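So the structure is just underneath, and the comments pick up after that.
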Amino acid sequence: MRSRVCTDCTTAPVMRCGRCTTTRCAAHALAPGTRCDKCERDWADEAATRRAAKMIFAPSIGILSGGLLFGLLLPVSLGGAIGAAIMCTIACATAVGAGAGACRLVDRSARAMFLRERAGGLPAARLLPSPRHR
Ligand SMILES: [Zn+2]
Ligand SMILES: [Zn+2]
């Protein structure tokens with residue numbers, strides 16, 4: 001199972017995976033924004049969860065923003081069928097755009113959470129803002 005692991009990675013490491021305790025040698029050093037094979041596999045495994053989150057978030061955010069715009073534009077479009085059709089198109093486009101934006105947001109925040117270093121086990125006090133900075 002550990003056959004692919006190179007000995008330099010454990011005996012002469014130059015860096016460590018920011019997410020777990022895996023060490024990497026100079027030849028296998030991780031690029032910024034990436035994590036070790038095991039962690040990246042975790043990331044891939046979570047793809048289904050993220051997709052599920054998008055399925056929940058995107059339509060509701062889309063409907064919400066589309067509906068909001070629909071309500072805002074309703075008084076303007078009372079003039080006629082053409083105005084109503086244009087308003088509907090704009091509301092639909094907004095809904096789709098907001099849904100797509102929600103998907104991107106899910107991806108970005110999920111990746112940020114994934115990359116967050118949690119290996120060191122920092123004491124809780126160091127994670128809190130310093131009182132001096134208030
Ligand atoms: Zn190596
Ligand atoms: Zn790792």
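Here, A, B, ... name the chains of the structure tokens in the order displayed, residue numbers run from 1 inside each chain, and ligands are numbered from 1 in the same displayed order.
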Using only C-alpha atoms and all ligand atoms, find each residue of chain A with at least one atom at most 12 Å away from an atom of ligand 1; report its shortest atom-to-atom pair and that distance in Å (one decimal), sort the rows by chain and rising residue number, and return the result as JSON lines.
{"residue": "A:Ser3", "atom": "CA", "partner": "ligand 1", "partner_atom_place_in_ligand_line": "1 (Zn)", "distance": 12.0}
{"residue": "A:Arg4", "atom": "CA", "partner": "ligand 1", "partner_atom_place_in_ligand_line": "1 (Zn)", "distance": 9.3}
{"residue": "A:Val5", "atom": "CA", "partner": "ligand 1", "partner_atom_place_in_ligand_line": "1 (Zn)", "distance": 6.9}
{"residue": "A:Cys6", "atom": "CA", "partner": "ligand 1", "partner_atom_place_in_ligand_line": "1 (Zn)", "distance": 4.6}
{"residue": "A:Thr7", "atom": "CA", "partner": "ligand 1", "partner_atom_place_in_ligand_line": "1 (Zn)", "distance": 6.4}
{"residue": "A:Asp8", "atom": "CA", "partner": "ligand 1", "partner_atom_place_in_ligand_line": "1 (Zn)", "distance": 4.9}
{"residue": "A:Cys9", "atom": "CA", "partner": "ligand 1", "partner_atom_place_in_ligand_line": "1 (Zn)", "distance": 3.9}
{"residue": "A:Thr10", "atom": "CA", "partner": "ligand 1", "partner_atom_place_in_ligand_line": "1 (Zn)", "distance": 7.6}
{"residue": "A:Thr11", "atom": "CA", "partner": "ligand 1", "partner_atom_place_in_ligand_line": "1 (Zn)", "distance": 9.1}
{"residue": "A:Ala12", "atom": "CA", "partner": "ligand 1", "partner_atom_place_in_ligand_line": "1 (Zn)", "distance": 8.3}
{"residue": "A:Pro13", "atom": "CA", "partner": "ligand 1", "partner_atom_place_in_ligand_line": "1 (Zn)", "distance": 7.7}
{"residue": "A:Val14", "atom": "CA", "partner": "ligand 1", "partner_atom_place_in_ligand_line": "1 (Zn)", "distance": 9.5}
{"residue": "A:Met15", "atom": "CA", "partner": "ligand 1", "partner_atom_place_in_ligand_line": "1 (Zn)", "distance": 10.5}
{"residue": "A:Arg16", "atom": "CA", "partner": "ligand 1", "partner_atom_place_in_ligand_line": "1 (Zn)", "distance": 11.3}
{"residue": "A:Thr22", "atom": "CA", "partner": "ligand 1", "partner_atom_place_in_ligand_line": "1 (Zn)", "distance": 10.8}
{"residue": "A:Thr23", "atom": "CA", "partner": "ligand 1", "partner_atom_place_in_ligand_line": "1 (Zn)", "distance": 8.5}
{"residue": "A:Arg24", "atom": "CA", "partner": "ligand 1", "partner_atom_place_in_ligand_line": "1 (Zn)", "distance": 5.5}
{"residue": "A:Cys25", "atom": "CA", "partner": "ligand 1", "partner_atom_place_in_ligand_line": "1 (Zn)", "distance": 4.4}
{"residue": "A:Ala26", "atom": "CA", "partner": "ligand 1", "partner_atom_place_in_ligand_line": "1 (Zn)", "distance": 6.8}
{"residue": "A:Ala27", "atom": "CA", "partner": "ligand 1", "partner_atom_place_in_ligand_line": "1 (Zn)", "distance": 5.5}
{"residue": "A:His28", "atom": "CA", "partner": "ligand 1", "partner_atom_place_in_ligand_line": "1 (Zn)", "distance": 4.6}
{"residue": "A:Ala29", "atom": "CA", "partner": "ligand 1", "partner_atom_place_in_ligand_line": "1 (Zn)", "distance": 7.5}
{"residue": "A:Leu30", "atom": "CA", "partner": "ligand 1", "partner_atom_place_in_ligand_line": "1 (Zn)", "distance": 10.2}
{"residue": "A:Cys36", "atom": "CA", "partner": "ligand 1", "partner_atom_place_in_ligand_line": "1 (Zn)", "distance": 11.1}
{"residue": "A:Asp37", "atom": "CA", "partner": "ligand 1", "partner_atom_place_in_ligand_line": "1 (Zn)", "distance": 11.8}
Write out as a ChimeraX atom specification each polymer residue (protein, DNA or RNA) that has an atom no more than 7 Å from ligand 2, with only C-alpha atoms and all ligand atoms counted. /A:17-22,35-39
Store the residues picked out above in a file with N, CA and C atoms, as a short mmCIF file (atom, residue, chain, number, x, y, z; two decimals), in the first residue's frame.
data_model
loop_
_atom_site.label_atom_id
_atom_site.label_comp_id
_atom_site.auth_asym_id
_atom_site.auth_seq_id
_atom_site.Cartn_x
_atom_site.Cartn_y
_atom_site.Cartn_z
N CYS A 17 2.89 18.38 4.04
CA CYS A 17 1.52 18.66 3.60
C CYS A 17 0.86 19.54 4.64
N GLY A 18 0.19 20.60 4.17
CA GLY A 18 -0.40 21.53 5.12
C GLY A 18 -1.62 21.00 5.82
N ARG A 19 -2.10 19.85 5.39
CA ARG A 19 -3.37 19.36 5.90
C ARG A 19 -3.17 18.16 6.82
N CYS A 20 -2.13 17.36 6.54
CA CYS A 20 -1.85 16.22 7.41
C CYS A 20 -0.36 16.24 7.71
N THR A 21 0.18 15.17 8.22
CA THR A 21 1.57 15.17 8.66
C THR A 21 2.51 14.59 7.61
N THR A 22 1.99 14.30 6.41
CA THR A 22 2.82 13.73 5.36
C THR A 22 3.96 14.67 4.99
N ARG A 35 -2.33 19.62 -2.04
CA ARG A 35 -2.01 18.84 -0.86
C ARG A 35 -1.54 17.46 -1.31
N CYS A 36 -1.09 16.68 -0.34
CA CYS A 36 -0.52 15.37 -0.68
C CYS A 36 -1.57 14.46 -1.32
N ASP A 37 -1.09 13.35 -1.88
CA ASP A 37 -1.98 12.45 -2.63
C ASP A 37 -3.18 12.01 -1.79
N LYS A 38 -2.90 11.69 -0.54
CA LYS A 38 -3.97 11.18 0.32
C LYS A 38 -5.04 12.26 0.53
N CYS A 39 -4.57 13.50 0.80
CA CYS A 39 -5.52 14.59 1.04
C CYS A 39 -6.27 14.92 -0.24
#
Could you tell me how far atom CA of A:Cys88 lies from atom CA of A:Gly67, in Å and to one decimal? 9.8 Å
Looking only at strand (DSSP E or B) from DSSP on the backbone, list the matching residues of stretch 2-117 of chain A as a list of chain:residue names.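 Answer for stretch 2-117 of chain A restricted to strand (DSSP E or B) is A:Met15, A:Arg16, A:Thr23, A:Arg24.
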